[in-house]
$ cat upload01.pdb   # PDB, C-alpha atoms
ATOM      1  CA  MET A   1     -38.455  53.375   8.531
ATOM      2  CA  ARG A   2     -34.905  53.597   7.285
ATOM      3  CA  ARG A   3     -32.904  50.347   7.273
ATOM      4  CA  ARG A   4     -29.678  50.571   9.183
ATOM      5  CA  LYS A   5     -26.585  50.069   7.070
ATOM      6  CA  GLY A   6     -24.855  48.114   9.814
ATOM      7  CA  SER A   7     -27.425  45.296   9.818
ATOM      8  CA  GLY A   8     -27.037  44.766   6.042
ATOM      9  CA  ALA A   9     -23.247  44.627   6.276
ATOM     10  CA  ALA A  10     -23.447  42.155   9.151
ATOM     11  CA  ARG A  11     -25.785  39.949   7.146
ATOM     12  CA  TRP A  12     -23.377  39.916   4.186
ATOM     13  CA  THR A  13     -20.470  39.171   6.487
ATOM     14  CA  LEU A  14     -22.320  36.198   7.962
ATOM     15  CA  LEU A  15     -23.186  34.938   4.474
ATOM     16  CA  LEU A  16     -19.563  35.192   3.362
ATOM     17  CA  ILE A  17     -18.318  33.384   6.463
ATOM     18  CA  GLY A  18     -20.956  30.696   6.028
ATOM     19  CA  GLY A  19     -20.015  30.256   2.364
ATOM     20  CA  ALA A  20     -16.340  29.976   3.236
ATOM     21  CA  LEU A  21     -17.023  27.359   5.906
ATOM     22  CA  LEU A  22     -19.205  25.371   3.509
ATOM     23  CA  GLY A  23     -16.451  25.491   0.894
ATOM     24  CA  VAL A  24     -13.902  24.201   3.389
ATOM     25  CA  TYR A  25     -16.288  21.415   4.482
ATOM     26  CA  LEU A  26     -16.953  20.331   0.888
ATOM     27  CA  PHE A  27     -13.533  20.696  -0.693
ATOM     28  CA  LEU A  28     -10.994  20.034   2.062
ATOM     29  CA  PRO A  29     -11.633  16.252   2.083
ATOM     30  CA  VAL A  30     -11.312  16.226  -1.720
ATOM     31  CA  TRP A  31      -8.000  18.079  -1.495
ATOM     32  CA  LEU A  32      -6.697  15.789   1.249
ATOM     33  CA  THR A  33      -7.431  12.659  -0.777
ATOM     34  CA  HIS A  34      -6.375  14.002  -4.174
ATOM     35  CA  GLY A  35      -4.629  11.261  -6.137
ATOM     36  CA  ASP A  36      -5.787   8.448  -3.851
ATOM     37  CA  LEU A  37      -6.598   5.224  -5.660
ATOM     38  CA  THR A  38      -9.841   3.260  -5.614
ATOM     39  CA  ARG A  39      -8.964  -0.389  -6.234
ATOM     40  CA  VAL A  40      -6.159  -2.886  -6.458
ATOM     41  CA  PRO A  41      -5.477  -5.530  -9.115
ATOM     42  CA  ALA A  42      -5.302  -9.260  -8.585
ATOM     43  CA  ALA A  43      -2.003  -9.992  -6.863
ATOM     44  CA  ALA A  44      -1.302 -12.792  -9.332
ATOM     45  CA  SER A  45      -1.288 -10.190 -12.127
ATOM     46  CA  VAL A  46       2.478  -9.919 -11.547
ATOM     47  CA  ARG A  47       2.827 -13.421 -12.963
ATOM     48  CA  ASP A  48       4.194 -12.162 -16.286
ATOM     49  CA  ALA A  49       7.077 -10.349 -14.555
ATOM     50  CA  PRO A  50      10.473 -11.884 -15.463
ATOM     51  CA  GLU A  51      11.235 -12.516 -11.793
ATOM     52  CA  VAL A  52       8.051 -14.551 -11.297
ATOM     53  CA  ALA A  53       8.663 -16.451 -14.514
ATOM     54  CA  ALA A  54      12.120 -17.344 -13.198
ATOM     55  CA  LEU A  55      10.616 -18.562  -9.922
ATOM     56  CA  GLU A  56       8.166 -20.778 -11.770
ATOM     57  CA  ARG A  57      10.955 -22.225 -13.900
ATOM     58  CA  ALA A  58      12.729 -23.055 -10.644
ATOM     59  CA  GLY A  59       9.692 -25.026  -9.455
ATOM     60  CA  PHE A  60       7.596 -22.417  -7.617
ATOM     61  CA  THR A  61       3.853 -22.792  -8.176
ATOM     62  CA  LEU A  62       0.967 -20.420  -7.473
ATOM     63  CA  GLU A  63      -0.556 -21.898  -4.329
ATOM     64  CA  GLU A  64      -2.924 -19.239  -3.062
ATOM     65  CA  GLU A  65      -4.785 -16.248  -4.423
ATOM     66  CA  ASN A  66      -7.571 -14.402  -2.665
ATOM     67  CA  GLY A  67      -9.076 -11.066  -1.767
ATOM     68  CA  HIS A  68      -9.830  -9.986  -5.324
ATOM     69  CA  ASP A  69     -13.063  -9.520  -7.250
ATOM     70  CA  PRO A  70     -12.116 -10.946 -10.684
ATOM     71  CA  ASP A  71     -15.137  -9.389 -12.430
ATOM     72  CA  GLY A  72     -14.377  -5.895 -11.205
ATOM     73  CA  ALA A  73     -17.975  -5.417 -10.113
ATOM     74  CA  GLN A  74     -16.910  -3.977  -6.760
ATOM     75  CA  PHE A  75     -13.994  -1.938  -5.537
ATOM     76  CA  THR A  76     -11.295  -4.225  -4.227
ATOM     77  CA  GLU A  77      -9.283  -3.233  -1.167
ATOM     78  CA  TYR A  78      -7.106  -6.274  -0.568
ATOM     79  CA  ALA A  79      -5.406  -8.894  -2.747
ATOM     80  CA  TYR A  80      -2.946 -11.654  -1.942
ATOM     81  CA  ALA A  81      -1.053 -14.300  -3.900
ATOM     82  CA  SER A  82       1.778 -16.655  -3.012
ATOM     83  CA  TRP A  83       4.124 -18.922  -4.922
ATOM     84  CA  GLU A  84       5.744 -21.827  -3.094
ATOM     85  CA  LEU A  85       8.278 -24.565  -3.572
ATOM     86  CA  PRO A  86       7.266 -28.108  -2.571
ATOM     87  CA  ASP A  87       7.185 -28.722   1.192
ATOM     88  CA  GLN A  88       7.226 -24.912   1.697
ATOM     89  CA  VAL A  89      11.007 -24.758   1.630
ATOM     90  CA  ALA A  90      10.597 -21.313   0.056
ATOM     91  CA  SER A  91       7.737 -18.944  -0.722
ATOM     92  CA  VAL A  92       7.163 -15.562  -2.354
ATOM     93  CA  ALA A  93       4.049 -13.554  -1.526
ATOM     94  CA  VAL A  94       2.521 -10.373  -2.957
ATOM     95  CA  ILE A  95       0.033  -8.297  -0.976
ATOM     96  CA  TYR A  96      -1.955  -5.191  -1.930
ATOM     97  CA  ARG A  97      -3.684  -3.260   0.847
ATOM     98  CA  LEU A  98      -5.769  -0.152   0.103
ATOM     99  CA  ASP A  99      -7.134   2.469   2.483
ATOM    100  CA  THR A 100     -10.162   4.082   0.856
ATOM    101  CA  GLY A 101      -9.749   7.321   2.735
ATOM    102  CA  PRO A 102     -12.173   9.570   4.541
ATOM    103  CA  THR A 103     -14.859   8.000   6.658
ATOM    104  CA  PRO A 104     -18.224   9.788   6.797
ATOM    105  CA  ARG A 105     -18.531  10.705  10.468
ATOM    106  CA  GLY A 106     -16.972  13.124  12.929
ATOM    107  CA  ARG A 107     -13.319  14.050  12.887
ATOM    108  CA  GLU A 108     -12.559  11.025  10.685
ATOM    109  CA  ALA A 109     -14.204  12.851   7.760
ATOM    110  CA  PHE A 110     -10.956  14.728   7.149
ATOM    111  CA  ARG A 111      -8.574  11.767   7.139
ATOM    112  CA  SER A 112      -6.705  10.982   3.947
ATOM    113  CA  GLY A 113      -6.123   7.416   2.864
ATOM    114  CA  SER A 114      -2.559   8.388   1.959
ATOM    115  CA  GLY A 115      -1.887   9.555   5.482
ATOM    116  CA  ASN A 116      -3.312   6.347   6.882
ATOM    117  CA  MET A 117      -0.981   4.289   4.690
ATOM    118  CA  GLU A 118       2.053   6.353   5.717
ATOM    119  CA  GLN A 119       1.314   5.422   9.331
ATOM    120  CA  TYR A 120       0.678   1.789   8.418
ATOM    121  CA  LEU A 121       4.064   1.544   6.692
ATOM    122  CA  ALA A 122       5.760   3.221   9.645
ATOM    123  CA  ASP A 123       4.227   0.575  11.920
ATOM    124  CA  VAL A 124       5.306  -2.252   9.580
ATOM    125  CA  ARG A 125       8.845  -0.899   9.519
ATOM    126  CA  SER A 126       8.985  -0.528  13.284
ATOM    127  CA  GLN A 127       7.668  -4.047  13.877
ATOM    128  CA  GLY A 128      10.262  -5.499  11.507
ATOM    129  CA  GLU A 129      13.088  -3.629  13.176
ATOM    130  CA  GLY A 130      11.807  -4.835  16.531
ATOM    131  CA  SER A 131      12.173  -8.372  15.205
ATOM    132  CA  GLY A 132      15.764  -7.738  14.151
ATOM    133  CA  TYR A 133      15.231  -6.979  10.453
ATOM    134  CA  GLU A 134      17.760  -4.646   8.867
ATOM    135  CA  THR A 135      15.994  -1.774   7.070
ATOM    136  CA  ALA A 136      17.196   0.163   4.028
ATOM    137  CA  VAL A 137      15.258   2.949   2.300
ATOM    138  CA  THR A 138      14.898   2.275  -1.434
ATOM    139  CA  SER A 139      14.208   4.660  -4.297
ATOM    140  CA  GLY A 140      12.439   4.468  -7.636
ATOM    141  CA  LEU A 141       9.359   2.655  -6.318
ATOM    142  CA  GLY A 142       6.134   4.493  -5.519
ATOM    143  CA  ASP A 143       5.937   7.459  -3.155
ATOM    144  CA  GLU A 144       8.085   5.782  -0.525
ATOM    145  CA  SER A 145       9.634   2.350  -0.110
ATOM    146  CA  PHE A 146      11.973   0.366   2.051
ATOM    147  CA  GLU A 147      13.505  -3.083   2.183
ATOM    148  CA  GLN A 148      13.941  -5.298   5.215
ATOM    149  CA  VAL A 149      16.275  -8.304   5.398
ATOM    150  CA  SER A 150      16.607 -10.946   8.078
ATOM    151  CA  VAL A 151      19.374 -13.544   8.140
ATOM    152  CA  ALA A 152      19.454 -15.964  11.051
ATOM    153  CA  ALA A 153      22.346 -15.317  13.428
ATOM    154  CA  ASN A 154      22.530 -19.033  14.200
ATOM    155  CA  PRO A 155      24.969 -20.637  11.689
ATOM    156  CA  HIS A 156      22.922 -23.837  11.877
ATOM    157  CA  ASP A 157      19.776 -21.999  10.724
ATOM    158  CA  PRO A 158      19.950 -21.309   6.957
ATOM    159  CA  SER A 159      16.663 -19.365   6.780
ATOM    160  CA  ARG A 160      16.578 -16.046   4.934
ATOM    161  CA  TYR A 161      13.803 -13.437   4.713
ATOM    162  CA  VAL A 162      13.544 -10.370   2.466
ATOM    163  CA  ARG A 163      10.634  -7.923   2.368
ATOM    164  CA  GLN A 164      10.090  -4.979   0.002
ATOM    165  CA  VAL A 165       7.410  -2.505   1.066
ATOM    166  CA  VAL A 166       6.083   0.257  -1.202
ATOM    167  CA  ARG A 167       3.454   2.973  -0.796
ATOM    168  CA  VAL A 168       1.648   4.366  -3.834
ATOM    169  CA  HIS A 169      -0.688   7.100  -2.575
ATOM    170  CA  ASN A 170      -3.157   5.204  -0.367
ATOM    171  CA  VAL A 171      -2.044   1.679  -1.316
ATOM    172  CA  ALA A 172       0.597  -0.420   0.385
ATOM    173  CA  ILE A 173       2.341  -3.147  -1.604
ATOM    174  CA  MET A 174       4.346  -5.806   0.200
ATOM    175  CA  VAL A 175       6.472  -8.479  -1.470
ATOM    176  CA  THR A 176       8.081 -11.079   0.792
ATOM    177  CA  TYR A 177      10.518 -13.869   0.047
ATOM    178  CA  LEU A 178      11.180 -16.573   2.629
ATOM    179  CA  ASP A 179      13.776 -19.257   2.017
ATOM    180  CA  GLN A 180      14.641 -21.867   4.618
ATOM    181  CA  ASP A 181      17.467 -23.500   2.708
ATOM    182  CA  GLY A 182      20.179 -20.842   2.551
ATOM    183  CA  ALA A 183      19.323 -19.007  -0.675
ATOM    184  CA  ASP A 184      21.500 -16.145  -1.912
ATOM    185  CA  VAL A 185      20.252 -12.966  -0.241
ATOM    186  CA  GLU A 186      21.261 -10.684  -3.106
ATOM    187  CA  GLU A 187      19.267 -12.790  -5.544
ATOM    188  CA  MET A 188      16.296 -12.693  -3.189
ATOM    189  CA  ARG A 189      16.587  -8.899  -3.013
ATOM    190  CA  ARG A 190      16.630  -8.593  -6.808
ATOM    191  CA  THR A 191      13.563 -10.816  -7.007
ATOM    192  CA  VAL A 192      11.440  -8.922  -4.495
ATOM    193  CA  ARG A 193      12.377  -5.556  -5.986
ATOM    194  CA  GLY A 194      11.509  -6.722  -9.512
ATOM    195  CA  VAL A 195       8.191  -8.184  -8.382
ATOM    196  CA  ALA A 196       7.404  -4.990  -6.424
ATOM    197  CA  ALA A 197       8.092  -2.884  -9.531
ATOM    198  CA  ALA A 198       5.701  -5.090 -11.521
ATOM    199  CA  ALA A 199       3.096  -4.772  -8.759
ATOM    200  CA  VAL A 200       3.307  -0.963  -8.935
ATOM    201  CA  GLU A 201       2.790  -1.076 -12.711
ATOM    202  CA  ARG A 202      -0.292  -3.304 -12.371
ATOM    203  CA  LEU A 203      -1.718  -0.991  -9.710
ATOM    204  CA  GLN A 204      -1.290   2.057 -11.914
ATOM    205  CA  ALA A 205      -2.843   0.242 -14.887
ATOM    206  CA  VAL A 206      -5.987  -0.813 -13.018
ATOM    207  CA  ASN A 207      -6.536   2.764 -11.786
ATOM    208  CA  ALA A 208      -5.734   4.494 -15.099
TER
END
$ encode --input "upload01.pdb" --output "structure tokens"
Amino acid sequence: MRRRKGSGAARWTLLLIGGALLGVYLFLPVWLTHGDLTRVPAAASVRDAPEVAALERAGFTLEEENGHDPDGAQFTEYAYASWELPDQVASVAVIYRLDTGPTPRGREAFRSGSGNMEQYLADVRSQGEGSGYETAVTSGLGDESFEQVSVAANPHDPSRYVRQVVRVHNVAIMVTYLDQDGADVEEMRRTVRGVAAAAVERLQAVNA
């Protein structure tokens, strides 16, 4: 019996389609998460930054540090550290938050950690603006960054708040400076930006 040519061509077509679909299934998640990072450093690793050294000379002390595996035995997804003046008149905090990217089931398998962090930062920005923070996009830090400043409208309330937020691939870095005694806002802005730059450098070093 002679084999029909059409059945062989159909079989090859099905094999090619199946191979293409398998390639998409295997490599699309890799492409979506290309460049995503796998861990964050200890937040207190910014301690050698000039801005932190200046804070410590002014009396700030490291009061809290958590969320980090110091031995590096496991991937670390969150790290936090804060420096405070006595009686919490002022405080500076550094936060790293990582999204590890695609989850193994269903439609979530094709999510990118970078995309998740873009949405997270958009939510942070929106919440700050809803609270009356003034937002300014900043450049030279990570893949995207912005600064938010809040100065009390009440002349009898001297509190000041500055926040610098940075995204590096699938990691969000947040540096906040709260002062309840009328500190100079421009100096606070220089401090949070310098600490954020140091935080980006430490992040890149731990993932090198």
$ residues_around --input "upload01.pdb" --residues "Glu186 in chain A" --least-positions-apart "4" --cutoff "12 Å" --atoms "all atoms listed in the file" --output "list of chain:residue names"
A:Val149, A:Val151, A:Arg160, A:Tyr161, A:Val162, A:Tyr177, A:Gly182, A:Arg190, A:Thr191, A:Val192, A:Arg193
$ resolve_selection --input "upload01.pdb" --expression "the PyMOL selection byres ((chain A and resi 166) around 9)" --output "PDB file with C-alpha atoms, in the frame of the given file"
ATOM      1  CA  LEU A 121       4.064   1.544   6.692  1.00  0.00           C
ATOM      2  CA  LEU A 141       9.359   2.655  -6.318  1.00  0.00           C
ATOM      3  CA  GLY A 142       6.134   4.493  -5.519  1.00  0.00           C
ATOM      4  CA  ASP A 143       5.937   7.459  -3.155  1.00  0.00           C
ATOM      5  CA  GLU A 144       8.085   5.782  -0.525  1.00  0.00           C
ATOM      6  CA  SER A 145       9.634   2.350  -0.110  1.00  0.00           C
ATOM      7  CA  PHE A 146      11.973   0.366   2.051  1.00  0.00           C
ATOM      8  CA  GLU A 147      13.505  -3.083   2.183  1.00  0.00           C
ATOM      9  CA  GLN A 164      10.090  -4.979   0.002  1.00  0.00           C
ATOM     10  CA  VAL A 165       7.410  -2.505   1.066  1.00  0.00           C
ATOM     11  CA  ARG A 167       3.454   2.973  -0.796  1.00  0.00           C
ATOM     12  CA  VAL A 168       1.648   4.366  -3.834  1.00  0.00           C
ATOM     13  CA  VAL A 171      -2.044   1.679  -1.316  1.00  0.00           C
ATOM     14  CA  ALA A 172       0.597  -0.420   0.385  1.00  0.00           C
ATOM     15  CA  ILE A 173       2.341  -3.147  -1.604  1.00  0.00           C
ATOM     16  CA  MET A 174       4.346  -5.806   0.200  1.00  0.00           C
ATOM     17  CA  VAL A 175       6.472  -8.479  -1.470  1.00  0.00           C
ATOM     18  CA  ALA A 196       7.404  -4.990  -6.424  1.00  0.00           C
ATOM     19  CA  VAL A 200       3.307  -0.963  -8.935  1.00  0.00           C
TER      20      VAL A 200
END
$ closest_residue --input "upload01.pdb" --among "A:Ala54, A:Leu62, A:Leu16, A:Ala152" --to "Asp181 in chain A" --atoms "only C-alpha atoms"
A:Ala152
$ resolve_selection --input "upload01.pdb" --expression "the PyMOL selection byres ((chain A and resi 41) around 7)" --output "compact mmCIF listing (two decimals) with C-alpha atoms, in the coordinates of the input"
# COMPACT_ATOMS: atom_id res chain seq x y z
CA ARG A 39 -8.96 -0.39 -6.23
CA VAL A 40 -6.16 -2.89 -6.46
CA ALA A 42 -5.30 -9.26 -8.59
CA ALA A 43 -2.00 -9.99 -6.86
CA SER A 45 -1.29 -10.19 -12.13
CA ARG A 202 -0.29 -3.30 -12.37
CA LEU A 203 -1.72 -0.99 -9.71
CA VAL A 206 -5.99 -0.81 -13.02
$ resolve_selection --input "upload01.pdb" --expression "the PyMOL selection byres ((chain A and resi 114) around 8)" --output "ChimeraX atom specification"
/A:33,36,99,101,112-113,115-118,169-171
$ write_last_selection --input "upload01.pdb" --atoms "C-alpha atoms" --output "PDB file, in the frame of the given file"
ATOM      1  CA  THR A  33      -7.431  12.659  -0.777  1.00  0.00           C
ATOM      2  CA  ASP A  36      -5.787   8.448  -3.851  1.00  0.00           C
ATOM      3  CA  ASP A  99      -7.134   2.469   2.483  1.00  0.00           C
ATOM      4  CA  GLY A 101      -9.749   7.321   2.735  1.00  0.00           C
ATOM      5  CA  SER A 112      -6.705  10.982   3.947  1.00  0.00           C
ATOM      6  CA  GLY A 113      -6.123   7.416   2.864  1.00  0.00           C
ATOM      7  CA  GLY A 115      -1.887   9.555   5.482  1.00  0.00           C
ATOM      8  CA  ASN A 116      -3.312   6.347   6.882  1.00  0.00           C
ATOM      9  CA  MET A 117      -0.981   4.289   4.690  1.00  0.00           C
ATOM     10  CA  GLU A 118       2.053   6.353   5.717  1.00  0.00           C
ATOM     11  CA  HIS A 169      -0.688   7.100  -2.575  1.00  0.00           C
ATOM     12  CA  ASN A 170      -3.157   5.204  -0.367  1.00  0.00           C
ATOM     13  CA  VAL A 171      -2.044   1.679  -1.316  1.00  0.00           C
TER      14      VAL A 171
END
$ axis_aligned_box --input "upload01.pdb" --around "range 48-64 of chain A" --padding-each-side "8 Å" --output "JSON"
{"center_x": 4.9, "center_y": -17.7, "center_z": -9.7, "size_x": 31.7, "size_y": 30.7, "size_z": 29.2}
$ residues_around --input "upload01.pdb" --residues "range 82-90 of chain A" --least-positions-apart "3" --cutoff "6 Å" --atoms "all atoms listed in the file" --output "number ranges by chain"
A: 60-64, 93, 178-180
$ closest_residue --input "upload01.pdb" --among "A:Val52, A:Val137, A:Ala208, A:Leu14" --to "Leu37 in chain A" --atoms "all atoms listed in the file"
A:Ala208
$ closest_residue --input "upload01.pdb" --among "A:Thr76, A:Ala205, A:Arg163, A:Ala49" --to "Glu129 in chain A" --atoms "only C-alpha atoms"
A:Arg163
$ closest_residue --input "upload01.pdb" --among "A:Leu98, A:Ala79, A:Ile17, A:Ala197" --to "Thr38 in chain A" --atoms "all atoms listed in the file"
A:Leu98
